[in-house]
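**Q** Enclosed is the structure file work29.cif (mmCIF, C-alpha atoms).
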```cif
data_entry
loop_
_atom_site.label_atom_id
_atom_site.label_comp_id
_atom_site.auth_asym_id
_atom_site.auth_seq_id
_atom_site.Cartn_x
_atom_site.Cartn_y
_atom_site.Cartn_z
CA MET A 574 93.62 73.40 128.22
CA THR A 575 90.42 73.01 126.22
CA PRO A 576 87.68 75.70 126.12
CA ALA A 577 85.45 73.38 128.21
CA GLU A 578 88.13 73.09 130.89
CA ILE A 579 88.59 76.87 130.91
CA LEU A 580 84.84 77.36 131.33
CA ALA A 581 84.75 74.83 134.13
CA ARG A 582 87.58 76.58 135.92
CA ASP A 583 86.55 80.20 135.36
CA GLY A 584 82.79 79.91 135.17
CA ALA A 585 80.79 81.74 132.47
CA VAL A 586 83.37 83.86 130.68
CA PRO A 587 81.93 87.06 129.14
CA MET A 588 81.82 87.08 125.35
CA ALA A 589 84.02 90.17 125.35
CA ALA A 590 86.80 88.20 127.00
CA TRP A 591 86.64 85.52 124.33
CA ALA A 592 86.73 88.22 121.65
CA THR A 593 90.13 89.38 122.91
CA LEU A 594 91.78 86.33 121.32
CA PRO A 595 90.93 87.16 117.67
CA ALA A 596 91.51 90.84 118.47
CA LEU A 597 95.00 89.96 119.70
CA LEU A 598 95.78 88.06 116.50
CA LEU A 599 94.40 90.82 114.25
CA ALA A 600 96.39 93.51 116.10
CA ALA A 601 99.57 91.43 116.06
CA LEU A 602 99.47 90.99 112.27
CA PRO A 603 100.11 94.62 111.21
CA ALA A 604 102.46 95.15 114.16
CA ALA A 605 104.69 92.26 113.08
CA MET A 606 104.34 93.03 109.38
CA THR A 607 105.24 96.69 109.84
CA ARG A 608 108.32 95.84 111.87
CA ALA A 609 109.48 93.42 109.17
CA ASN A 610 108.60 95.72 106.28
CA LEU A 611 110.53 98.68 107.65
CA ARG A 612 113.71 96.78 106.82
CA SER A 613 112.55 96.25 103.22
CA PHE A 614 111.02 99.69 102.66
CA ARG A 615 114.36 101.30 102.03
CA ARG A 616 115.24 104.79 100.97
CA ALA A 617 116.63 105.56 97.53
CA PRO A 618 120.41 105.28 97.23
CA HIS A 619 122.75 108.09 96.31
CA PRO A 620 124.25 107.70 92.83
CA PRO A 621 128.03 107.22 92.58
CA ALA A 622 129.93 110.49 92.70
CA ASP A 623 131.45 109.86 89.27
CA ALA A 624 128.18 108.76 87.63
CA ARG A 625 127.18 110.46 84.44
CA PRO A 626 124.02 112.54 85.01
CA PRO A 627 121.06 110.60 83.58
CA ARG A 628 118.75 112.28 81.09
CA VAL A 629 115.30 112.50 82.63
CA SER A 630 111.95 113.72 81.39
CA VAL A 631 110.02 115.00 84.41
CA LEU A 632 106.35 114.78 83.46
CA VAL A 633 103.66 116.68 85.35
CA PRO A 634 99.91 116.58 84.65
CA ALA A 635 98.26 119.79 85.85
CA ARG A 636 94.64 120.85 86.05
CA ASP A 637 93.79 123.94 88.12
CA GLU A 638 97.12 123.81 89.95
CA ALA A 639 97.95 127.52 90.05
CA ALA A 640 98.41 127.41 93.82
CA ALA A 641 100.88 124.52 93.68
CA ILE A 642 102.69 124.58 90.35
CA GLY A 643 105.18 127.31 91.22
CA GLY A 644 106.62 125.33 94.12
CA LEU A 645 106.96 122.25 91.94
CA LEU A 646 108.76 124.19 89.20
CA ASP A 647 111.16 125.72 91.71
CA SER A 648 112.04 122.41 93.34
CA VAL A 649 112.46 120.40 90.12
CA LEU A 650 114.55 123.07 88.40
CA ALA A 651 116.88 123.19 91.43
CA SER A 652 117.72 119.51 90.91
CA THR A 653 121.33 118.39 90.70
CA GLY A 654 122.92 115.29 89.18
CA VAL A 655 120.44 114.98 86.29
CA ASP A 656 120.09 116.35 82.78
CA LEU A 657 116.40 117.12 82.79
CA GLU A 658 113.52 118.46 80.81
CA LEU A 659 110.38 119.44 82.70
CA VAL A 660 107.19 118.95 80.71
CA VAL A 661 103.91 120.18 82.17
CA LEU A 662 100.62 119.34 80.49
CA ASP A 663 97.90 121.87 81.13
CA ASP A 664 94.68 119.86 81.21
CA ASP A 665 92.16 122.61 80.42
CA SER A 666 92.86 124.59 83.57
CA ARG A 667 90.65 127.52 84.46
CA ASP A 668 92.84 129.22 87.05
CA GLY A 669 95.96 130.49 85.29
CA THR A 670 98.07 127.34 85.63
CA ALA A 671 99.07 127.51 81.96
CA ASP A 672 100.17 131.15 82.19
CA LEU A 673 102.42 130.42 85.17
CA VAL A 674 104.13 127.52 83.40
CA ALA A 675 104.42 129.42 80.11
CA ALA A 676 106.16 132.30 81.89
CA ARG A 677 108.69 129.90 83.39
CA ALA A 678 109.20 128.19 80.03
CA ALA A 679 110.03 131.56 78.48
CA SER A 680 112.87 132.06 80.96
CA ASP A 681 114.16 128.49 81.30
CA GLY A 682 114.72 126.33 78.24
CA ARG A 683 114.35 123.13 80.28
CA VAL A 684 110.64 123.79 80.73
CA ARG A 685 107.97 122.95 78.15
CA ILE A 686 104.23 123.33 78.36
CA LEU A 687 101.77 121.17 76.47
CA ARG A 688 98.13 121.99 75.91
CA GLY A 689 96.10 118.88 76.60
CA ALA A 690 93.87 117.41 73.95
CA PRO A 691 90.12 117.10 74.72
CA LEU A 692 89.36 114.21 77.03
CA PRO A 693 88.17 111.21 74.98
CA PRO A 694 85.28 109.05 76.19
CA GLY A 695 86.35 106.26 78.54
CA TRP A 696 89.46 108.05 79.81
CA CYS A 697 90.20 109.49 83.26
CA GLY A 698 91.73 112.94 82.98
CA LYS A 699 95.00 112.18 84.77
CA GLN A 700 95.65 109.01 82.78
CA HIS A 701 95.03 110.85 79.49
CA ALA A 702 97.35 113.65 80.55
CA CYS A 703 100.14 111.24 81.53
CA TRP A 704 99.73 109.32 78.27
CA GLN A 705 100.21 112.54 76.29
CA LEU A 706 103.18 113.52 78.42
CA ALA A 707 104.92 110.20 77.82
CA ALA A 708 104.39 110.56 74.07
CA ALA A 709 106.02 114.00 74.15
CA ALA A 710 109.02 113.04 76.33
CA ARG A 711 112.44 113.38 74.71
CA HIS A 712 114.47 111.33 77.18
CA ASP A 713 114.50 107.62 77.95
CA ILE A 714 113.77 107.93 81.66
CA LEU A 715 110.24 109.05 82.47
CA LEU A 716 109.60 110.47 85.93
CA PHE A 717 105.96 111.29 86.66
CA LEU A 718 105.24 113.77 89.47
CA ASP A 719 102.01 115.23 90.76
CA ALA A 720 101.88 119.01 90.77
CA ASP A 721 101.74 119.19 94.57
CA VAL A 722 105.01 117.28 95.06
CA ARG A 723 108.25 119.01 96.05
CA VAL A 724 111.62 117.30 95.64
CA THR A 725 115.00 117.90 97.22
CA PRO A 726 117.91 118.90 94.94
CA ASP A 727 119.19 115.30 94.89
CA GLY A 728 115.70 113.74 94.78
CA LEU A 729 115.49 113.06 91.05
CA ALA A 730 119.00 111.64 90.84
CA ARG A 731 118.33 109.31 93.77
CA THR A 732 115.00 108.20 92.31
CA VAL A 733 116.76 107.20 89.08
CA ALA A 734 119.47 105.48 91.14
CA PHE A 735 116.75 103.42 92.84
CA LEU A 736 115.34 102.35 89.47
CA GLU A 737 118.78 101.21 88.33
CA GLU A 738 119.81 99.52 91.58
CA SER A 739 116.51 97.69 92.07
CA GLY A 740 116.34 96.37 88.51
CA ALA A 741 112.66 97.28 88.44
CA ASP A 742 110.84 98.36 85.30
CA LEU A 743 108.62 100.69 87.33
CA GLY A 744 109.63 102.30 90.59
CA SER A 745 107.34 104.23 92.89
CA GLY A 746 108.26 106.44 95.82
CA PHE A 747 106.05 107.35 98.76
CA PRO A 748 106.69 111.01 99.65
CA ARG A 749 106.30 112.53 103.07
CA GLN A 750 102.66 113.60 103.40
CA GLU A 751 102.22 117.13 104.74
CA THR A 752 98.99 117.86 106.55
CA GLY A 753 97.15 121.05 107.39
CA CYS A 754 93.50 120.26 108.04
CA LEU A 755 91.67 117.91 110.38
CA LEU A 756 90.99 114.98 108.08
CA ASP A 757 94.38 114.84 106.39
CA TRP A 758 96.01 115.00 109.84
CA LEU A 759 93.78 112.11 110.89
CA LEU A 760 93.77 109.95 107.76
CA LEU A 761 96.85 110.42 105.59
CA PRO A 762 99.23 108.61 108.00
CA LEU A 763 97.13 105.52 107.25
CA ILE A 764 98.85 105.37 103.84
CA HIS A 765 101.98 104.01 105.49
CA PHE A 766 100.01 102.00 108.06
CA ILE A 767 98.08 100.06 105.42
CA LEU A 768 101.03 99.68 103.04
CA LEU A 769 103.46 98.38 105.65
CA GLY A 770 100.94 96.59 107.82
CA TYR A 771 99.30 94.46 105.14
CA LEU A 772 101.62 94.16 102.12
CA PRO A 773 104.58 91.79 102.55
CA ILE A 774 107.13 93.85 100.63
CA GLY A 775 109.77 91.13 100.52
CA LEU A 776 107.29 88.66 99.04
CA SER A 777 106.04 91.32 96.63
CA ARG A 778 109.53 91.65 95.20
CA ARG A 779 109.83 87.89 94.64
CA ASP A 780 106.29 87.14 93.53
CA PRO A 781 105.19 88.72 90.21
CA ARG A 782 101.45 88.46 90.80
CA PRO A 783 99.63 91.74 90.03
CA GLY A 784 97.71 91.50 93.29
CA LEU A 785 100.95 92.08 95.21
CA ALA A 786 101.80 95.24 93.27
CA ALA A 787 101.65 98.62 94.98
CA GLY A 788 102.69 102.17 94.26
CA CYS A 789 102.01 105.83 94.86
CA GLY A 790 100.64 107.90 92.00
CA GLN A 791 102.52 110.96 93.24
CA LEU A 792 105.91 109.64 92.05
CA PHE A 793 106.60 107.03 89.37
CA VAL A 794 109.80 106.37 87.44
CA THR A 795 110.22 104.08 84.43
CA ARG A 796 111.88 103.81 81.02
CA GLN A 797 110.32 104.38 77.64
CA GLU A 798 110.59 100.77 76.47
CA ALA A 799 109.08 99.33 79.65
CA TYR A 800 106.31 101.92 79.58
CA ARG A 801 105.37 100.90 76.03
CA ARG A 802 105.49 97.18 76.85
CA ALA A 803 103.12 97.67 79.79
CA GLY A 804 100.74 99.77 77.72
CA GLY A 805 101.44 102.82 79.86
CA HIS A 806 98.54 104.89 81.10
CA GLU A 807 96.47 103.76 78.16
CA ALA A 808 96.27 100.34 79.82
CA ILE A 809 94.53 101.97 82.80
CA ARG A 810 92.71 104.67 80.86
CA ALA A 811 89.47 104.48 82.89
CA SER A 812 91.16 104.13 86.27
CA LEU A 813 90.87 106.75 88.99
CA HIS A 814 93.71 105.21 91.02
CA ASP A 815 96.98 104.95 89.11
CA GLY A 816 98.88 104.24 92.32
CA VAL A 817 97.37 100.75 92.37
CA MET A 818 96.50 100.15 88.74
CA LEU A 819 99.71 101.20 86.94
CA PRO A 820 101.95 98.74 88.85
CA ARG A 821 99.41 96.01 88.19
CA ALA A 822 99.44 96.81 84.48
CA TYR A 823 103.24 96.46 84.46
CA ARG A 824 103.06 93.10 86.19
CA ARG A 825 100.40 91.84 83.82
CA GLY A 826 102.86 92.68 81.06
CA GLY A 827 105.54 90.50 82.68
CA LEU A 828 107.48 93.47 84.09
CA ARG A 829 108.87 94.10 87.57
CA THR A 830 107.71 96.81 89.93
CA ASP A 831 109.17 98.01 93.20
CA LEU A 832 108.63 100.77 95.73
CA PHE A 833 110.72 102.82 98.10
CA ASP A 834 110.52 105.30 100.94
CA ALA A 835 110.75 108.76 99.35
CA GLY A 836 110.06 110.64 102.56
CA ASP A 837 113.55 112.13 102.71
CA LEU A 838 113.59 113.30 99.09
CA ALA A 839 110.01 114.32 98.31
CA ARG A 840 107.05 115.81 100.14
CA CYS A 841 103.46 116.35 99.12
CA ARG A 842 100.49 118.38 100.35
CA MET A 843 97.63 116.53 98.68
CA TYR A 844 94.61 118.32 100.05
CA ALA A 845 93.81 121.82 101.28
CA THR A 846 90.54 121.10 103.10
CA SER A 847 88.79 118.23 104.82
CA VAL A 848 86.16 118.22 102.08
CA GLU A 849 88.93 117.56 99.54
CA VAL A 850 90.20 114.70 101.70
CA LEU A 851 86.77 113.07 101.64
CA ARG A 852 86.43 113.51 97.88
CA GLY A 853 89.98 112.35 97.16
CA LEU A 854 89.87 109.21 99.29
CA GLY A 855 86.36 108.41 98.08
CA LYS A 856 87.44 108.87 94.46
CA ASN A 857 90.16 106.23 94.74
CA ALA A 858 88.39 103.85 97.09
CA THR A 859 86.54 101.45 94.81
CA GLU A 860 89.69 100.43 92.95
CA GLY A 861 91.37 99.55 96.21
CA ILE A 862 89.99 98.59 99.60
CA ALA A 863 86.39 99.45 98.71
CA ALA A 864 86.27 97.04 95.78
CA PRO A 865 83.39 94.60 96.35
CA ARG A 866 85.68 91.60 96.90
CA SER A 867 88.05 93.52 99.21
CA ILE A 868 85.79 95.56 101.45
CA LEU A 869 84.72 92.79 103.86
CA PRO A 870 88.19 91.26 104.40
CA PHE A 871 89.74 94.68 104.98
CA THR A 872 86.93 95.74 107.29
CA LEU A 873 87.62 92.65 109.40
CA LEU A 874 91.39 93.16 109.28
CA LEU A 875 91.42 96.90 109.97
CA GLY A 876 88.48 97.03 112.32
CA GLY A 877 89.45 93.86 114.14
CA GLY A 878 93.05 94.98 114.59
CA ALA A 879 92.62 98.68 115.39
CA ILE A 880 89.09 99.26 116.74
CA LEU A 881 88.06 95.99 118.39
CA PRO A 882 91.03 95.79 120.83
CA VAL A 883 90.35 99.28 122.17
CA ALA A 884 86.61 98.64 122.39
CA LEU A 885 87.14 95.40 124.31
CA LEU A 886 89.56 97.01 126.73
CA ALA A 887 87.06 99.81 127.32
CA ILE A 888 84.31 97.25 128.00
CA GLY A 889 86.54 95.41 130.45
CA LEU A 890 87.55 98.59 132.28
CA SER A 891 83.96 99.80 132.48
CA THR A 892 82.89 96.58 134.23
CA GLY A 893 85.99 96.18 136.36
CA PHE A 894 86.75 93.04 134.31
CA GLU A 895 84.02 91.26 136.24
CA ARG A 896 84.20 87.49 135.63
CA TRP A 897 87.05 88.01 133.16
CA PRO A 898 89.74 85.33 133.49
CA THR A 899 93.33 86.45 133.86
CA TRP A 900 94.14 85.40 130.32
CA GLY A 901 91.30 87.60 129.00
CA VAL A 902 92.57 90.67 130.84
CA GLY A 903 96.09 90.05 129.58
CA ALA A 904 94.89 89.50 126.02
CA ALA A 905 92.83 92.70 126.09
CA VAL A 906 95.74 94.81 127.29
CA ALA A 907 98.19 93.20 124.85
CA ALA A 908 95.82 93.62 121.89
CA ALA A 909 95.23 97.29 122.70
CA LEU A 910 98.97 97.94 122.98
CA LEU A 911 99.73 96.08 119.74
CA ALA A 912 97.05 98.07 117.90
CA TRP A 913 99.18 101.19 118.32
CA VAL A 914 102.58 99.63 117.55
CA PRO A 915 102.49 100.29 113.75
CA ARG A 916 101.54 103.91 114.32
CA TRP A 917 104.33 104.54 116.81
CA LEU A 918 106.75 102.95 114.39
CA GLY A 919 105.43 105.39 111.78
CA VAL A 920 106.00 108.29 114.14
CA ALA A 921 109.61 107.19 114.69
CA ARG A 922 110.44 106.40 111.05
CA PHE A 923 108.39 108.92 109.05
CA GLY A 924 108.03 111.81 111.48
CA GLN A 925 104.25 111.46 111.64
CA SER A 926 102.19 113.36 114.18
CA PRO A 927 102.12 111.68 117.64
CA SER A 928 98.68 113.16 118.30
CA SER A 929 97.39 111.66 115.05
CA ALA A 930 98.81 108.30 116.11
CA LEU A 931 96.91 108.53 119.40
CA ALA A 932 93.69 108.91 117.40
CA HIS A 933 94.39 105.71 115.45
CA PRO A 934 91.12 103.86 116.22
CA VAL A 935 89.12 106.95 115.22
CA ALA A 936 91.16 107.25 112.03
CA VAL A 937 90.52 103.64 111.05
CA ALA A 938 86.81 103.94 111.80
CA THR A 939 86.58 107.10 109.69
CA PHE A 940 88.59 105.53 106.88
CA LEU A 941 86.36 102.44 106.80
CA GLY A 942 83.30 104.67 106.77
CA ILE A 943 84.63 106.39 103.64
CA GLN A 944 85.24 103.02 101.99
CA TRP A 945 81.69 101.81 102.62
CA TRP A 946 80.26 105.13 101.50
CA ALA A 947 82.27 104.93 98.27
CA LEU A 948 81.09 101.37 97.63
CA ALA A 949 77.45 102.29 98.26
CA ARG A 950 77.77 105.26 95.90
CA ARG A 951 79.20 103.02 93.22
CA GLN A 952 76.52 100.35 93.64
CA LEU A 953 73.83 103.01 93.36
CA GLY A 954 75.38 104.39 90.17
CA GLY A 955 76.55 107.62 91.78
CA SER A 956 79.47 109.76 90.73
CA THR A 957 81.94 112.17 92.29
CA SER A 958 83.60 115.31 91.02
CA TRP A 959 87.26 116.30 91.00
CA ARG A 960 88.82 119.44 89.54
CA GLY A 961 85.51 120.32 87.91
CA ARG A 962 85.02 116.97 86.20
CA THR A 963 82.41 114.33 86.96
CA LEU A 964 84.01 110.94 87.59
CA ARG A 965 82.35 107.55 87.67
CA PRO A 966 84.34 104.68 89.19
CA GLN A 967 84.66 101.74 86.83
#
```
Can you turn what I pasted into structure tokens?

**A**
Amino acid sequence: MTPAEILARDGAVPMAAWATLPALLLAALPAAMTRANLRSFRRAPHPPADARPPRVSVLVPARDEAAAIGGLLDSVLASTGVDLELVVLDDDSRDGTADLVAARAASDGRVRILRGAPLPPGWCGKQHACWQLAAAARHDILLFLDADVRVTPDGLARTVAFLEESGADLGSGFPRQETGCLLDWLLLPLIHFILLGYLPIGLSRRDPRPGLAAGCGQLFVTRQEAYRRAGGHEAIRASLHDGVMLPRAYRRGGLRTDLFDAGDLARCRMYATSVEVLRGLGKNATEGIAAPRSILPFTLLLGGGAILPVALLAIGLSTGFERWPTWGVGAAVAAALLAWVPRWLGVARFGQSPSSALAHPVAVATFLGIQWWALARRQLGGSTSWRGRTLRPQ
């Protein structure tokens, strides 16, 4: 039936009813993609029981991490199935981070502490720290961890097993995100929603284009030779978002990247306060969704698939669906239900908060607001601060 025939049959159809059709399509996309991706987003395998323990350099950049570094040291040093060294680079901390690591190094020969060199112009602090760590590593396998990550005893061995089984040159795991304040409860589950809802993981593994690369800066694993070929963190020296930019650098170098679900072997508490959430997400934004060429498409995709369906259903309910055709009512209900499907799948698979999932439209609206704010700040030449340093997105 043509639109003219529908109009003739149903009379003047409210614009909101017509809008349910694109809303339905935009909500169905991440729902279908998430369902498909959950089969590809596999967990790391267990190494064979008779496998020789791999030699791994665990590399940790640390700046003002006194509150977190002890937990990381405890969890890494409890690892089984690997022959490890744990190298922590103190990046001019002001809170006693270096003293805590030095005390552990004095009692455990597997631990080393490096004093970071002064930050050169044009470098982001984390990238400079990781570059120095890689240069100091003694083992072939490099495993980068953020200081606020905790791993299970078999976590390192399984991460290396993933690198070997996948055949990737760079592997990245997505840890379970722990939350404790309002904005991380609201926003951090969107990490999995956006990853699984809009990146075709199967295609990403077959297609080497850098634009299909993804990763999580909290956990990377690679080998020395591949790291050198890609240019390592020097290739992304000015970047504030290694989770996106390091996999792209590998792919530009003709190397393979892959990712896995690390939720059962690693956990991370990224932020302590809602203010830190705003600063952290804003810091990374303009190298991801808030990039000038990405912000409009993602606003349409995210807003159209998560906010618009709920808004249209609310409009219909508030008017008693007056003059809405049956197909419009059905499309509104279906779109609103589909908008929540990826989040309920995340609750089931990753143990995310059901109450956070219920707030999904609010989360997406808040997230998009942060992206636009970050873009405006960049366009106006503004900067942000992190760990006492002033950062300017490139």

**Q** Find the residues near A:Leu819: any atom within 9 Å, counting only C-alpha atoms, skip ones fewer than 4 places away on the same chain, and give them as a ChimeraX atom specification.

**A** /A:743,786-788,790,803,805-806,808-809,814-815,823-824

**Q** What does the distance between atom CA of A:Thr872 and atom CA of A:Leu599 come to in Å, to one decimal place?

**A**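 Taking atom CA of A:Thr872 and atom CA of A:Leu599, their separation equals 11.3 Å.
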
**Q** Which residues would end up in the selection if the PyMOL selection byres ((chain A and resi 748) around 9) were applied here, given that I need the answer as a ChimeraX atom specification?

**A** /A:722-724,746-747,749-750,789,791-792,834-841

**Q** Which residues, named as in the file, does the PyMOL selection byres ((chain A and resi 629) around 12) pick out? Answer as a PyMOL selection string.

**A** chain A and resi 626-628+630-632+649+652-660+683+707+710-717+729-734+794-797

**Q** Quick one: residues within 7 Å of stretch 757-761 of chain A, all atoms listed in the file, excluding same-chain residues fewer than 5 positions away - as a list in words?

**A**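 In the requested form, the answer reads Gln750, Thr752, Ser847, Val850, Ser929, Ala936 and Phe940 of chain A.
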
**Q** Using atom CA of A:Ile767 and atom CA of A:Ala720 as the two end points, give the distance in Å to one decimal.

**A** 24.3 Å

**Q** Could you state which residues are captured by the PyMOL selection byres ((chain A and resi 868) around 12) in this file, as a PyMOL selection string?

**A** chain A and resi 858-867+869-876+940-949

**Q** What would the file look like if the residues just selected were written as an mmCIF file, in the coordinates of the input with C-alpha atoms?

**A**
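Okay, again31.cif is ready:
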```cif
data_model
loop_
_atom_site.group_PDB
_atom_site.id
_atom_site.type_symbol
_atom_site.label_atom_id
_atom_site.label_comp_id
_atom_site.auth_asym_id
_atom_site.auth_seq_id
_atom_site.Cartn_x
_atom_site.Cartn_y
_atom_site.Cartn_z
ATOM 1 C CA ALA A 858 88.390 103.850 97.090
ATOM 2 C CA THR A 859 86.540 101.450 94.810
ATOM 3 C CA GLU A 860 89.690 100.430 92.950
ATOM 4 C CA GLY A 861 91.370 99.550 96.210
ATOM 5 C CA ILE A 862 89.990 98.590 99.600
ATOM 6 C CA ALA A 863 86.390 99.450 98.710
ATOM 7 C CA ALA A 864 86.270 97.040 95.780
ATOM 8 C CA PRO A 865 83.390 94.600 96.350
ATOM 9 C CA ARG A 866 85.680 91.600 96.900
ATOM 10 C CA SER A 867 88.050 93.520 99.210
ATOM 11 C CA LEU A 869 84.720 92.790 103.860
ATOM 12 C CA PRO A 870 88.190 91.260 104.400
ATOM 13 C CA PHE A 871 89.740 94.680 104.980
ATOM 14 C CA THR A 872 86.930 95.740 107.290
ATOM 15 C CA LEU A 873 87.620 92.650 109.400
ATOM 16 C CA LEU A 874 91.390 93.160 109.280
ATOM 17 C CA LEU A 875 91.420 96.900 109.970
ATOM 18 C CA GLY A 876 88.480 97.030 112.320
ATOM 19 C CA PHE A 940 88.590 105.530 106.880
ATOM 20 C CA LEU A 941 86.360 102.440 106.800
ATOM 21 C CA GLY A 942 83.300 104.670 106.770
ATOM 22 C CA ILE A 943 84.630 106.390 103.640
ATOM 23 C CA GLN A 944 85.240 103.020 101.990
ATOM 24 C CA TRP A 945 81.690 101.810 102.620
ATOM 25 C CA TRP A 946 80.260 105.130 101.500
ATOM 26 C CA ALA A 947 82.270 104.930 98.270
ATOM 27 C CA LEU A 948 81.090 101.370 97.630
ATOM 28 C CA ALA A 949 77.450 102.290 98.260
#
```

**Q** Would you work out the distance separating atom CA of A:Phe923 from atom CA of A:Ala909, expressed in Å to one decimal?

**A** 22.2 Å

**Q** Near A:Ala921, within 12 Å and counting all atoms listed in the file, which residues show up once chain neighbours fewer than 5 positions away are dropped, as an MDAnalysis selection string?

**A** chainID A and resid 608 611 914:916 926:927 930

**Q** Report as a PyMOL selection string all protein, DNA and RNA residues lying within 9 Å of A:Val661, evaluated on all atoms listed in the file, omitting residues in the same chain fewer than 4 positions from it.

**A** chain A and resi 631-635+671+674+684-688+706+720

**Q** Using only C-alpha atoms, can you tell me which of A:Asp663, A:Glu807, A:Asp637, A:Asp623 comes closest to A:Ala690?

**A**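 For A:Ala690, the nearest of the given residues is A:Asp663.
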
**Q** Measuring between all atoms listed in the file, which one of A:Leu832, A:Ala600, A:Leu673, A:Ala624 shows the shortest distance to A:Val817?

**A** A:Leu832

**Q** If you count all atoms listed in the file, which residues fall within 7 Å of A:Ala905, apart from same-chain ones fewer than 4 positions away, as JSON, numbers by chain?

**A** {"A": [593, 882, 885, 886, 901, 909]}

**Q** I need the residues from that last selection saved to file as a PDB file, keeping the file's coordinate frame (with C-alpha atoms), if you can.

**A**
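Contents of out-v5.pdb, as written:
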```pdb
ATOM      1  CA  THR A 593      90.130  89.380 122.910  1.00  0.00           C
ATOM      2  CA  PRO A 882      91.030  95.790 120.830  1.00  0.00           C
ATOM      3  CA  LEU A 885      87.140  95.400 124.310  1.00  0.00           C
ATOM      4  CA  LEU A 886      89.560  97.010 126.730  1.00  0.00           C
ATOM      5  CA  GLY A 901      91.300  87.600 129.000  1.00  0.00           C
ATOM      6  CA  ALA A 909      95.230  97.290 122.700  1.00  0.00           C
TER       7      ALA A 909
END
```

**Q** When distances are computed from all atoms listed in the file, which of A:Ala601, A:Ala641, A:Ala592, A:Leu890 shows the smallest separation from A:Ala845?

**A**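 Ranked by minimum distance to A:Ala845, first place goes to A:Ala641.
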
**Q** From the options A:Pro898, A:Gly804, A:Gly826, A:Gly784, which residue's atoms come nearest to A:Gln700, counting all atoms listed in the file?

**A** A:Gly804

**Q** Determine the nearest neighbour of A:Leu692 from the options A:Ala651, A:Arg810, A:Leu598, A:Arg951, counting all atoms listed in the file.

**A** A:Arg810
